$ cat upload15.pdb   # PDB, N, CA and C atoms
ATOM      1  N   MET A1356    -155.699 -93.470  32.428
ATOM      2  CA  MET A1356    -154.589 -94.328  32.081
ATOM      3  C   MET A1356    -154.308 -94.168  30.593
ATOM      4  N   LYS A1357    -153.080 -93.991  30.215
ATOM      5  CA  LYS A1357    -152.720 -93.821  28.818
ATOM      6  C   LYS A1357    -152.232 -95.139  28.229
ATOM      7  N   LEU A1358    -152.205 -95.196  26.900
ATOM      8  CA  LEU A1358    -151.699 -96.383  26.227
ATOM      9  C   LEU A1358    -150.274 -96.659  26.667
ATOM     10  N   GLY A1359    -149.925 -97.907  26.778
ATOM     11  CA  GLY A1359    -148.584 -98.273  27.183
ATOM     12  C   GLY A1359    -148.469 -98.551  28.669
ATOM     13  N   ASP A1360    -149.438 -98.071  29.459
ATOM     14  CA  ASP A1360    -149.385 -98.286  30.901
ATOM     15  C   ASP A1360    -149.706 -99.735  31.273
ATOM     16  N   THR A1361    -150.601-100.351  30.540
ATOM     17  CA  THR A1361    -151.014-101.716  30.843
ATOM     18  C   THR A1361    -150.715-102.578  29.643
ATOM     19  N   MET A1362    -149.661-103.352  29.734
ATOM     20  CA  MET A1362    -149.275-104.198  28.619
ATOM     21  C   MET A1362    -149.265-105.654  29.079
ATOM     22  N   LEU A1363    -149.518-106.530  28.145
ATOM     23  CA  LEU A1363    -149.488-107.958  28.402
ATOM     24  C   LEU A1363    -148.042-108.435  28.446
ATOM     25  N   THR A1364    -147.741-109.362  29.343
ATOM     26  CA  THR A1364    -146.395-109.928  29.409
ATOM     27  C   THR A1364    -146.446-111.422  29.101
ATOM     28  N   SER A1365    -145.321-111.965  28.717
ATOM     29  CA  SER A1365    -145.235-113.392  28.397
ATOM     30  C   SER A1365    -145.589-114.247  29.611
ATOM     31  N   ASP A1366    -145.214-113.816  30.798
ATOM     32  CA  ASP A1366    -145.530-114.575  32.016
ATOM     33  C   ASP A1366    -147.034-114.653  32.256
ATOM     34  N   GLU A1367    -147.758-113.602  31.900
ATOM     35  CA  GLU A1367    -149.204-113.572  32.120
ATOM     36  C   GLU A1367    -149.958-114.563  31.247
ATOM     37  N   VAL A1368    -149.414-114.900  30.104
ATOM     38  CA  VAL A1368    -150.124-115.803  29.201
ATOM     39  C   VAL A1368    -149.780-117.271  29.448
ATOM     40  N   LEU A1369    -149.141-117.559  30.551
ATOM     41  CA  LEU A1369    -148.934-118.913  31.053
ATOM     42  C   LEU A1369    -148.005-119.753  30.183
ATOM     43  N   ASN A1370    -147.812-121.007  30.577
ATOM     44  CA  ASN A1370    -146.846-121.862  29.875
ATOM     45  C   ASN A1370    -147.520-122.678  28.767
ATOM     46  N   LEU A1371    -146.713-123.319  27.952
ATOM     47  CA  LEU A1371    -147.229-124.048  26.797
ATOM     48  C   LEU A1371    -148.183-125.168  27.180
ATOM     49  N   ASN A1372    -147.939-125.856  28.282
ATOM     50  CA  ASN A1372    -148.809-126.956  28.696
ATOM     51  C   ASN A1372    -150.248-126.498  28.922
ATOM     52  N   TYR A1373    -150.429-125.282  29.391
ATOM     53  CA  TYR A1373    -151.767-124.731  29.615
ATOM     54  C   TYR A1373    -152.595-124.801  28.330
ATOM     55  N   TYR A1374    -151.981-124.453  27.209
ATOM     56  CA  TYR A1374    -152.693-124.367  25.935
ATOM     57  C   TYR A1374    -152.992-125.727  25.320
ATOM     58  N   LYS A1375    -152.422-126.775  25.862
ATOM     59  CA  LYS A1375    -152.744-128.108  25.370
ATOM     60  C   LYS A1375    -154.122-128.544  25.853
ATOM     61  N   LYS A1376    -154.654-127.832  26.856
ATOM     62  CA  LYS A1376    -155.949-128.184  27.435
ATOM     63  C   LYS A1376    -157.028-127.134  27.216
ATOM     64  N   THR A1377    -156.661-125.866  27.124
ATOM     65  CA  THR A1377    -157.675-124.814  27.040
ATOM     66  C   THR A1377    -157.101-123.555  26.387
ATOM     67  N   SER A1378    -157.924-122.544  26.263
ATOM     68  CA  SER A1378    -157.494-121.278  25.676
ATOM     69  C   SER A1378    -157.384-120.218  26.781
ATOM     70  N   TYR A1379    -156.859-119.071  26.417
ATOM     71  CA  TYR A1379    -156.646-117.984  27.368
ATOM     72  C   TYR A1379    -157.316-116.733  26.813
ATOM     73  N   THR A1380    -158.153-116.088  27.614
ATOM     74  CA  THR A1380    -158.803-114.853  27.196
ATOM     75  C   THR A1380    -158.459-113.741  28.173
ATOM     76  N   GLY A1381    -158.544-112.525  27.678
ATOM     77  CA  GLY A1381    -158.252-111.388  28.536
ATOM     78  C   GLY A1381    -158.802-110.100  27.964
ATOM     79  N   TRP A1382    -158.506-109.024  28.678
ATOM     80  CA  TRP A1382    -159.051-107.699  28.376
ATOM     81  C   TRP A1382    -158.007-106.668  28.760
ATOM     82  N   ILE A1383    -157.713-105.752  27.854
ATOM     83  CA  ILE A1383    -156.811-104.641  28.160
ATOM     84  C   ILE A1383    -157.536-103.353  27.789
ATOM     85  N   ASN A1384    -158.074-102.681  28.774
ATOM     86  CA  ASN A1384    -158.689-101.353  28.576
ATOM     87  C   ASN A1384    -159.539-101.248  27.324
ATOM     88  N   GLY A1385    -160.509-102.128  27.149
ATOM     89  CA  GLY A1385    -161.426-102.057  26.018
ATOM     90  C   GLY A1385    -161.112-103.015  24.890
ATOM     91  N   MET A1386    -159.940-103.604  24.892
ATOM     92  CA  MET A1386    -159.565-104.574  23.866
ATOM     93  C   MET A1386    -159.609-105.980  24.464
ATOM     94  N   ARG A1387    -160.426-106.830  23.870
ATOM     95  CA  ARG A1387    -160.478-108.229  24.304
ATOM     96  C   ARG A1387    -159.524-109.030  23.450
ATOM     97  N   PHE A1388    -159.026-110.150  24.007
ATOM     98  CA  PHE A1388    -158.165-111.029  23.227
ATOM     99  C   PHE A1388    -158.388-112.476  23.616
ATOM    100  N   LEU A1389    -158.062-113.362  22.678
ATOM    101  CA  LEU A1389    -158.167-114.804  22.861
ATOM    102  C   LEU A1389    -156.910-115.420  22.274
ATOM    103  N   ILE A1390    -156.309-116.350  23.004
ATOM    104  CA  ILE A1390    -155.140-117.084  22.531
ATOM    105  C   ILE A1390    -155.443-118.567  22.704
ATOM    106  N   ARG A1391    -155.229-119.329  21.638
ATOM    107  CA  ARG A1391    -155.411-120.778  21.767
ATOM    108  C   ARG A1391    -154.422-121.516  20.874
ATOM    109  N   ARG A1392    -154.255-122.786  21.201
ATOM    110  CA  ARG A1392    -153.398-123.680  20.412
ATOM    111  C   ARG A1392    -154.281-124.381  19.397
ATOM    112  N   GLU A1393    -153.801-124.453  18.174
ATOM    113  CA  GLU A1393    -154.487-125.224  17.150
ATOM    114  C   GLU A1393    -153.517-126.283  16.656
ATOM    115  N   ALA A1394    -154.022-127.493  16.487
ATOM    116  CA  ALA A1394    -153.172-128.619  16.085
ATOM    117  C   ALA A1394    -153.810-129.323  14.895
ATOM    118  N   PRO A1395    -153.370-128.970  13.691
ATOM    119  CA  PRO A1395    -153.926-129.638  12.510
ATOM    120  C   PRO A1395    -153.506-131.110  12.474
ATOM    121  N   GLU A1396    -154.264-131.927  11.729
ATOM    122  CA  GLU A1396    -153.916-133.352  11.620
ATOM    123  C   GLU A1396    -152.538-133.522  11.000
ATOM    124  N   GLU A1397    -152.227-132.681  10.047
ATOM    125  CA  GLU A1397    -150.902-132.707   9.426
ATOM    126  C   GLU A1397    -150.228-131.367   9.691
ATOM    127  N   GLY A1398    -148.974-131.416  10.044
ATOM    128  CA  GLY A1398    -148.250-130.179  10.313
ATOM    129  C   GLY A1398    -148.106-129.933  11.798
ATOM    130  N   ASP A1399    -147.442-128.844  12.112
ATOM    131  CA  ASP A1399    -147.138-128.510  13.502
ATOM    132  C   ASP A1399    -148.238-127.679  14.154
ATOM    133  N   ALA A1400    -148.360-127.838  15.463
ATOM    134  CA  ALA A1400    -149.294-127.017  16.230
ATOM    135  C   ALA A1400    -148.830-125.563  16.181
ATOM    136  N   PHE A1401    -149.793-124.660  16.350
ATOM    137  CA  PHE A1401    -149.474-123.242  16.339
ATOM    138  C   PHE A1401    -150.416-122.472  17.264
ATOM    139  N   PHE A1402    -149.977-121.290  17.659
ATOM    140  CA  PHE A1402    -150.826-120.365  18.407
ATOM    141  C   PHE A1402    -151.717-119.632  17.415
ATOM    142  N   HIS A1403    -152.964-119.428  17.781
ATOM    143  CA  HIS A1403    -153.880-118.587  17.031
ATOM    144  C   HIS A1403    -154.432-117.579  18.023
ATOM    145  N   ALA A1404    -154.265-116.306  17.700
ATOM    146  CA  ALA A1404    -154.706-115.236  18.602
ATOM    147  C   ALA A1404    -155.617-114.271  17.858
ATOM    148  N   TRP A1405    -156.559-113.703  18.579
ATOM    149  CA  TRP A1405    -157.476-112.705  18.045
ATOM    150  C   TRP A1405    -157.557-111.534  19.013
ATOM    151  N   VAL A1406    -157.841-110.358  18.471
ATOM    152  CA  VAL A1406    -158.221-109.195  19.272
ATOM    153  C   VAL A1406    -159.501-108.626  18.670
ATOM    154  N   TRP A1407    -160.304-107.983  19.519
ATOM    155  CA  TRP A1407    -161.530-107.343  19.061
ATOM    156  C   TRP A1407    -161.956-106.338  20.128
ATOM    157  N   PRO A1408    -162.768-105.350  19.723
ATOM    158  CA  PRO A1408    -163.238-104.375  20.705
ATOM    159  C   PRO A1408    -164.288-104.997  21.625
ATOM    160  N   GLY A1409    -164.166-104.735  22.925
ATOM    161  CA  GLY A1409    -165.138-105.236  23.890
ATOM    162  C   GLY A1409    -166.430-104.464  23.775
ATOM    163  N   PRO A1410    -167.406-104.831  24.543
ATOM    164  CA  PRO A1410    -167.346-105.687  25.720
ATOM    165  C   PRO A1410    -167.740-107.138  25.477
ATOM    166  N   LEU A1411    -168.229-107.473  24.274
ATOM    167  CA  LEU A1411    -168.770-108.807  24.053
ATOM    168  C   LEU A1411    -167.678-109.873  23.987
ATOM    169  N   ILE A1412    -168.075-111.105  24.321
ATOM    170  CA  ILE A1412    -167.161-112.242  24.220
ATOM    171  C   ILE A1412    -166.961-112.609  22.749
ATOM    172  N   PHE A1413    -165.971-113.434  22.494
ATOM    173  CA  PHE A1413    -165.578-113.833  21.145
ATOM    174  C   PHE A1413    -166.764-114.324  20.315
ATOM    175  N   SER A1414    -167.521-115.258  20.851
ATOM    176  CA  SER A1414    -168.596-115.888  20.075
ATOM    177  C   SER A1414    -169.758-114.940  19.770
ATOM    178  N   LEU A1415    -169.879-113.844  20.503
ATOM    179  CA  LEU A1415    -170.958-112.883  20.267
ATOM    180  C   LEU A1415    -170.506-111.668  19.472
ATOM    181  N   THR A1416    -169.242-111.635  19.083
ATOM    182  CA  THR A1416    -168.700-110.509  18.330
ATOM    183  C   THR A1416    -168.668-110.845  16.847
ATOM    184  N   ASP A1417    -169.109-109.909  16.028
ATOM    185  CA  ASP A1417    -169.091-110.099  14.579
ATOM    186  C   ASP A1417    -167.659-110.348  14.109
ATOM    187  N   ASP A1418    -167.488-111.322  13.219
ATOM    188  CA  ASP A1418    -166.154-111.677  12.736
ATOM    189  C   ASP A1418    -165.443-110.497  12.074
ATOM    190  N   SER A1419    -166.199-109.569  11.511
ATOM    191  CA  SER A1419    -165.578-108.426  10.838
ATOM    192  C   SER A1419    -164.846-107.507  11.810
ATOM    193  N   LEU A1420    -165.127-107.632  13.101
ATOM    194  CA  LEU A1420    -164.472-106.805  14.121
ATOM    195  C   LEU A1420    -163.235-107.467  14.712
ATOM    196  N   LYS A1421    -162.991-108.719  14.344
ATOM    197  CA  LYS A1421    -161.871-109.486  14.902
ATOM    198  C   LYS A1421    -160.661-109.412  13.973
ATOM    199  N   THR A1422    -159.481-109.328  14.568
ATOM    200  CA  THR A1422    -158.223-109.391  13.838
ATOM    201  C   THR A1422    -157.441-110.553  14.418
ATOM    202  N   ASP A1423    -156.814-111.364  13.546
ATOM    203  CA  ASP A1423    -156.122-112.542  14.074
ATOM    204  C   ASP A1423    -154.671-112.609  13.627
ATOM    205  N   PHE A1424    -153.954-113.505  14.288
ATOM    206  CA  PHE A1424    -152.515-113.667  14.099
ATOM    207  C   PHE A1424    -152.156-115.100  14.468
ATOM    208  N   THR A1425    -151.197-115.683  13.762
ATOM    209  CA  THR A1425    -150.713-117.015  14.127
ATOM    210  C   THR A1425    -149.201-116.982  14.317
ATOM    211  N   ALA A1426    -148.721-117.906  15.139
ATOM    212  CA  ALA A1426    -147.288-118.036  15.423
ATOM    213  C   ALA A1426    -147.022-119.492  15.794
ATOM    214  N   PRO A1427    -145.785-119.940  15.663
ATOM    215  CA  PRO A1427    -145.453-121.323  16.035
ATOM    216  C   PRO A1427    -145.778-121.605  17.512
ATOM    217  N   PHE A1428    -146.137-122.844  17.799
ATOM    218  CA  PHE A1428    -146.429-123.227  19.183
ATOM    219  C   PHE A1428    -145.118-123.539  19.905
ATOM    220  N   THR A1429    -144.397-122.471  20.220
ATOM    221  CA  THR A1429    -143.117-122.533  20.929
ATOM    222  C   THR A1429    -143.077-121.356  21.898
ATOM    223  N   ASN A1430    -142.095-121.327  22.767
ATOM    224  CA  ASN A1430    -141.949-120.163  23.653
ATOM    225  C   ASN A1430    -141.691-118.894  22.852
ATOM    226  N   GLU A1431    -140.946-119.010  21.752
ATOM    227  CA  GLU A1431    -140.710-117.846  20.900
ATOM    228  C   GLU A1431    -142.018-117.396  20.245
ATOM    229  N   GLY A1432    -142.820-118.367  19.824
ATOM    230  CA  GLY A1432    -144.121-118.046  19.246
ATOM    231  C   GLY A1432    -145.039-117.382  20.253
ATOM    232  N   LYS A1433    -144.984-117.850  21.493
ATOM    233  CA  LYS A1433    -145.786-117.231  22.554
ATOM    234  C   LYS A1433    -145.395-115.761  22.708
ATOM    235  N   GLN A1434    -144.100-115.472  22.682
ATOM    236  CA  GLN A1434    -143.646-114.081  22.783
ATOM    237  C   GLN A1434    -144.098-113.267  21.567
ATOM    238  N   GLN A1435    -144.106-113.873  20.396
ATOM    239  CA  GLN A1435    -144.599-113.178  19.205
ATOM    240  C   GLN A1435    -146.068-112.805  19.363
ATOM    241  N   VAL A1436    -146.864-113.708  19.928
ATOM    242  CA  VAL A1436    -148.279-113.430  20.170
ATOM    243  C   VAL A1436    -148.432-112.269  21.150
ATOM    244  N   VAL A1437    -147.691-112.302  22.242
ATOM    245  CA  VAL A1437    -147.745-111.222  23.234
ATOM    246  C   VAL A1437    -147.371-109.887  22.584
ATOM    247  N   ASP A1438    -146.297-109.881  21.809
ATOM    248  CA  ASP A1438    -145.861-108.656  21.138
ATOM    249  C   ASP A1438    -146.919-108.157  20.158
ATOM    250  N   TRP A1439    -147.565-109.072  19.444
ATOM    251  CA  TRP A1439    -148.601-108.696  18.483
ATOM    252  C   TRP A1439    -149.814-108.093  19.194
ATOM    253  N   ILE A1440    -150.247-108.725  20.278
ATOM    254  CA  ILE A1440    -151.397-108.197  21.026
ATOM    255  C   ILE A1440    -151.081-106.794  21.542
ATOM    256  N   ASN A1441    -149.900-106.611  22.115
ATOM    257  CA  ASN A1441    -149.516-105.288  22.615
ATOM    258  C   ASN A1441    -149.454-104.263  21.488
ATOM    259  N   ALA A1442    -148.943-104.665  20.321
ATOM    260  CA  ALA A1442    -148.871-103.747  19.181
ATOM    261  C   ALA A1442    -150.274-103.368  18.700
ATOM    262  N   GLN A1443    -151.196-104.326  18.690
ATOM    263  CA  GLN A1443    -152.572-104.020  18.289
ATOM    264  C   GLN A1443    -153.176-102.975  19.221
ATOM    265  N   TYR A1444    -152.923-103.134  20.505
ATOM    266  CA  TYR A1444    -153.453-102.187  21.487
ATOM    267  C   TYR A1444    -152.883-100.781  21.266
ATOM    268  N   GLU A1445    -151.597-100.695  21.055
ATOM    269  CA  GLU A1445    -150.961 -99.388  20.903
ATOM    270  C   GLU A1445    -151.203 -98.769  19.528
ATOM    271  N   ASP A1446    -151.276 -99.591  18.492
ATOM    272  CA  ASP A1446    -151.384 -99.069  17.129
ATOM    273  C   ASP A1446    -152.798 -98.674  16.720
ATOM    274  N   HIS A1447    -153.814 -99.138  17.437
ATOM    275  CA  HIS A1447    -155.201 -98.876  17.044
ATOM    276  C   HIS A1447    -156.055 -98.387  18.226
ATOM    277  N   PRO A1448    -155.646 -97.308  18.888
ATOM    278  CA  PRO A1448    -156.373 -96.870  20.087
ATOM    279  C   PRO A1448    -157.837 -96.514  19.816
ATOM    280  N   GLU A1449    -158.146 -96.114  18.592
ATOM    281  CA  GLU A1449    -159.527 -95.744  18.271
ATOM    282  C   GLU A1449    -160.474 -96.942  18.370
ATOM    283  N   LYS A1450    -159.968 -98.143  18.225
ATOM    284  CA  LYS A1450    -160.806 -99.342  18.313
ATOM    285  C   LYS A1450    -161.185 -99.697  19.744
ATOM    286  N   TRP A1451    -160.406 -99.253  20.692
ATOM    287  CA  TRP A1451    -160.585 -99.691  22.073
ATOM    288  C   TRP A1451    -161.221 -98.590  22.916
ATOM    289  N   SER A1452    -162.118 -97.837  22.344
ATOM    290  CA  SER A1452    -162.775 -96.722  23.014
ATOM    291  C   SER A1452    -163.493 -97.196  24.277
ATOM    292  N   HIS A1453    -163.472 -96.353  25.272
ATOM    293  CA  HIS A1453    -164.166 -96.651  26.525
ATOM    294  C   HIS A1453    -165.589 -96.107  26.532
ATOM    295  N   GLU A1454    -166.020 -95.520  25.422
ATOM    296  CA  GLU A1454    -167.368 -94.975  25.358
ATOM    297  C   GLU A1454    -168.387 -96.115  25.364
ATOM    298  N   LYS A1455    -169.570 -95.826  25.903
ATOM    299  CA  LYS A1455    -170.629 -96.829  25.879
ATOM    300  C   LYS A1455    -171.048 -97.071  24.437
ATOM    301  N   LYS A1456    -171.301 -98.325  24.107
ATOM    302  CA  LYS A1456    -171.676 -98.698  22.751
ATOM    303  C   LYS A1456    -173.027 -99.381  22.770
ATOM    304  N   ASN A1457    -173.759 -99.223  21.680
ATOM    305  CA  ASN A1457    -174.970-100.017  21.509
ATOM    306  C   ASN A1457    -174.536-101.425  21.156
ATOM    307  N   LEU A1458    -174.992-102.392  21.910
ATOM    308  CA  LEU A1458    -174.570-103.766  21.701
ATOM    309  C   LEU A1458    -175.415-104.482  20.658
ATOM    310  N   TYR A1459    -176.638-103.998  20.422
ATOM    311  CA  TYR A1459    -177.518-104.672  19.477
ATOM    312  C   TYR A1459    -178.158-103.675  18.549
TER     313      TYR A1459
END

$ encode --input "upload15.pdb" --output "structure tokens"
Amino acid sequence: MKLGDTMLTSDEVLNLNYYKKTSYTGWINGMRFLIRREAPEEGDAFFHAWVWPGPLIFSLTDDSLKTDFTAPFTNEGKQQVVDWINAQYEDHPEKWSHEKKNLY
């Protein structure tokens, strides 16, 4: 499978109400991602998204391997997150290698 064949869509990342209760995680051919809503005490809620090379989950991955992005907590912001995740996948194929890695 080549890059571009499997892309994330806005429909796949669910509706805004979903993020008021939990986060969304996924995997695209070696690239893991996490999307969640953050709501500061002051100011507007926003989406916070991360990508990192698999196979480990977010909490077990070194922060230096994670890249993040924020967008407004709106439908337009959700689309910005989807577009950013897809761009990360296409722009950095060397990070999402399918080769076996030493985990520790």

$ resolve_selection --input "upload15.pdb" --expression "the PyMOL selection byres ((chain A and resi 1389-1394) around 5)" --output "list in words"
Ser1378, Tyr1379, Thr1380, Arg1387, Phe1388, Pro1395, Glu1396, Ala1400, Phe1401, Phe1402, His1403, Ala1404 and Trp1405 of chain A

$ atom_distance --input "upload15.pdb" --atom1 "atom N of A:Lys1376" --atom2 "atom CA of A:Ala1426"
16.8 Å

$ select_by_dssp --input "upload15.pdb" --residues "stretch 1380-1422 of chain A" --states "strand (DSSP E)" --output "JSON, numbers by chain"
{"A": [1380, 1381, 1382, 1383, 1386, 1387, 1388, 1389, 1390, 1391, 1392, 1393, 1401, 1402, 1403, 1404, 1405, 1406, 1407, 1408, 1422]}

$ select_by_dssp --input "upload15.pdb" --residues "chain A" --states "helix (DSSP H, G or I)" --output "PyMOL selection string"
chain A and resi 1366-1368+1371-1374+1413-1415+1418-1420+1430-1446+1448-1451

$ resolve_selection --input "upload15.pdb" --expression "the PyMOL selection byres (((chain A and resi 1411 and name CA) around 12) and name CA)" --output "number ranges by chain"
A: 1381-1382, 1385-1388, 1406-1410, 1412-1418, 1420-1421, 1456-1459

$ write_last_selection --input "upload15.pdb" --atoms "N, CA and C atoms" --output "mmCIF file, in the frame of the given file"
data_model
loop_
_atom_site.group_PDB
_atom_site.id
_atom_site.type_symbol
_atom_site.label_atom_id
_atom_site.label_comp_id
_atom_site.auth_asym_id
_atom_site.auth_seq_id
_atom_site.Cartn_x
_atom_site.Cartn_y
_atom_site.Cartn_z
ATOM 1 N N GLY A 1381 -158.544 -112.525 27.678
ATOM 2 C CA GLY A 1381 -158.252 -111.388 28.536
ATOM 3 C C GLY A 1381 -158.802 -110.100 27.964
ATOM 4 N N TRP A 1382 -158.506 -109.024 28.678
ATOM 5 C CA TRP A 1382 -159.051 -107.699 28.376
ATOM 6 C C TRP A 1382 -158.007 -106.668 28.760
ATOM 7 N N GLY A 1385 -160.509 -102.128 27.149
ATOM 8 C CA GLY A 1385 -161.426 -102.057 26.018
ATOM 9 C C GLY A 1385 -161.112 -103.015 24.890
ATOM 10 N N MET A 1386 -159.940 -103.604 24.892
ATOM 11 C CA MET A 1386 -159.565 -104.574 23.866
ATOM 12 C C MET A 1386 -159.609 -105.980 24.464
ATOM 13 N N ARG A 1387 -160.426 -106.830 23.870
ATOM 14 C CA ARG A 1387 -160.478 -108.229 24.304
ATOM 15 C C ARG A 1387 -159.524 -109.030 23.450
ATOM 16 N N PHE A 1388 -159.026 -110.150 24.007
ATOM 17 C CA PHE A 1388 -158.165 -111.029 23.227
ATOM 18 C C PHE A 1388 -158.388 -112.476 23.616
ATOM 19 N N VAL A 1406 -157.841 -110.358 18.471
ATOM 20 C CA VAL A 1406 -158.221 -109.195 19.272
ATOM 21 C C VAL A 1406 -159.501 -108.626 18.670
ATOM 22 N N TRP A 1407 -160.304 -107.983 19.519
ATOM 23 C CA TRP A 1407 -161.530 -107.343 19.061
ATOM 24 C C TRP A 1407 -161.956 -106.338 20.128
ATOM 25 N N PRO A 1408 -162.768 -105.350 19.723
ATOM 26 C CA PRO A 1408 -163.238 -104.375 20.705
ATOM 27 C C PRO A 1408 -164.288 -104.997 21.625
ATOM 28 N N GLY A 1409 -164.166 -104.735 22.925
ATOM 29 C CA GLY A 1409 -165.138 -105.236 23.890
ATOM 30 C C GLY A 1409 -166.430 -104.464 23.775
ATOM 31 N N PRO A 1410 -167.406 -104.831 24.543
ATOM 32 C CA PRO A 1410 -167.346 -105.687 25.720
ATOM 33 C C PRO A 1410 -167.740 -107.138 25.477
ATOM 34 N N ILE A 1412 -168.075 -111.105 24.321
ATOM 35 C CA ILE A 1412 -167.161 -112.242 24.220
ATOM 36 C C ILE A 1412 -166.961 -112.609 22.749
ATOM 37 N N PHE A 1413 -165.971 -113.434 22.494
ATOM 38 C CA PHE A 1413 -165.578 -113.833 21.145
ATOM 39 C C PHE A 1413 -166.764 -114.324 20.315
ATOM 40 N N SER A 1414 -167.521 -115.258 20.851
ATOM 41 C CA SER A 1414 -168.596 -115.888 20.075
ATOM 42 C C SER A 1414 -169.758 -114.940 19.770
ATOM 43 N N LEU A 1415 -169.879 -113.844 20.503
ATOM 44 C CA LEU A 1415 -170.958 -112.883 20.267
ATOM 45 C C LEU A 1415 -170.506 -111.668 19.472
ATOM 46 N N THR A 1416 -169.242 -111.635 19.083
ATOM 47 C CA THR A 1416 -168.700 -110.509 18.330
ATOM 48 C C THR A 1416 -168.668 -110.845 16.847
ATOM 49 N N ASP A 1417 -169.109 -109.909 16.028
ATOM 50 C CA ASP A 1417 -169.091 -110.099 14.579
ATOM 51 C C ASP A 1417 -167.659 -110.348 14.109
ATOM 52 N N ASP A 1418 -167.488 -111.322 13.219
ATOM 53 C CA ASP A 1418 -166.154 -111.677 12.736
ATOM 54 C C ASP A 1418 -165.443 -110.497 12.074
ATOM 55 N N LEU A 1420 -165.127 -107.632 13.101
ATOM 56 C CA LEU A 1420 -164.472 -106.805 14.121
ATOM 57 C C LEU A 1420 -163.235 -107.467 14.712
ATOM 58 N N LYS A 1421 -162.991 -108.719 14.344
ATOM 59 C CA LYS A 1421 -161.871 -109.486 14.902
ATOM 60 C C LYS A 1421 -160.661 -109.412 13.973
ATOM 61 N N LYS A 1456 -171.301 -98.325 24.107
ATOM 62 C CA LYS A 1456 -171.676 -98.698 22.751
ATOM 63 C C LYS A 1456 -173.027 -99.381 22.770
ATOM 64 N N ASN A 1457 -173.759 -99.223 21.680
ATOM 65 C CA ASN A 1457 -174.970 -100.017 21.509
ATOM 66 C C ASN A 1457 -174.536 -101.425 21.156
ATOM 67 N N LEU A 1458 -174.992 -102.392 21.910
ATOM 68 C CA LEU A 1458 -174.570 -103.766 21.701
ATOM 69 C C LEU A 1458 -175.415 -104.482 20.658
ATOM 70 N N TYR A 1459 -176.638 -103.998 20.422
ATOM 71 C CA TYR A 1459 -177.518 -104.672 19.477
ATOM 72 C C TYR A 1459 -178.158 -103.675 18.549
#

$ resolve_selection --input "upload15.pdb" --expression "the PyMOL selection byres (((chain A and resi 1436 and name CA) around 9) and name CA)" --output "list in words"
Ser1365, Ile1390, Phe1402, His1403, Ala1404, Phe1424, Thr1425, Ala1426, Glu1431, Gly1432, Lys1433, Gln1434, Gln1435, Val1437, Asp1438, Trp1439, Ile1440 and Asn1441 of chain A

$ closest_residue --input "upload15.pdb" --among "A:Gly1398, A:Pro1448, A:Leu1371, A:Thr1364" --to "A:Thr1429" --atoms "all atoms listed in the file"
A:Leu1371

$ decode --input "upload15.pdb" --residues "stretch 1366-1396 of chain A" --atoms "C-alpha atoms" --output "PDB file, in the first residue's frame"
ATOM      1  CA  ASP A1366     -16.543  11.478   9.306  1.00  0.00           C
ATOM      2  CA  GLU A1367     -14.179   8.939  10.880  1.00  0.00           C
ATOM      3  CA  VAL A1368     -13.213  11.263  13.711  1.00  0.00           C
ATOM      4  CA  LEU A1369     -16.826  11.509  14.897  1.00  0.00           C
ATOM      5  CA  ASN A1370     -18.882  14.510  15.995  1.00  0.00           C
ATOM      6  CA  LEU A1371     -18.057  17.256  18.481  1.00  0.00           C
ATOM      7  CA  ASN A1372     -20.198  15.779  21.273  1.00  0.00           C
ATOM      8  CA  TYR A1373     -17.976  12.679  21.319  1.00  0.00           C
ATOM      9  CA  TYR A1374     -14.981  14.789  22.374  1.00  0.00           C
ATOM     10  CA  LYS A1375     -16.830  16.311  25.303  1.00  0.00           C
ATOM     11  CA  LYS A1376     -16.578  12.900  26.990  1.00  0.00           C
ATOM     12  CA  THR A1377     -13.460  11.166  25.661  1.00  0.00           C
ATOM     13  CA  SER A1378     -10.584  11.231  23.188  1.00  0.00           C
ATOM     14  CA  TYR A1379     -10.108   9.465  19.857  1.00  0.00           C
ATOM     15  CA  THR A1380      -7.059   7.382  18.936  1.00  0.00           C
ATOM     16  CA  GLY A1381      -6.111   5.655  15.739  1.00  0.00           C
ATOM     17  CA  TRP A1382      -3.413   4.193  13.535  1.00  0.00           C
ATOM     18  CA  ILE A1383      -2.571   4.749   9.875  1.00  0.00           C
ATOM     19  CA  ASN A1384       0.063   2.342   8.542  1.00  0.00           C
ATOM     20  CA  GLY A1385       2.618   2.866  11.322  1.00  0.00           C
ATOM     21  CA  MET A1386       1.544   6.335  12.439  1.00  0.00           C
ATOM     22  CA  ARG A1387      -0.455   6.572  15.653  1.00  0.00           C
ATOM     23  CA  PHE A1388      -2.599   9.584  16.478  1.00  0.00           C
ATOM     24  CA  LEU A1389      -4.618  10.997  19.361  1.00  0.00           C
ATOM     25  CA  ILE A1390      -7.277  13.710  19.194  1.00  0.00           C
ATOM     26  CA  ARG A1391      -8.864  15.239  22.269  1.00  0.00           C
ATOM     27  CA  ARG A1392     -10.744  18.315  23.416  1.00  0.00           C
ATOM     28  CA  GLU A1393      -9.068  20.589  25.911  1.00  0.00           C
ATOM     29  CA  ALA A1394     -11.077  23.186  27.812  1.00  0.00           C
ATOM     30  CA  PRO A1395      -9.058  25.734  29.765  1.00  0.00           C
ATOM     31  CA  GLU A1396     -10.716  27.529  32.701  1.00  0.00           C
TER      32      GLU A1396
END
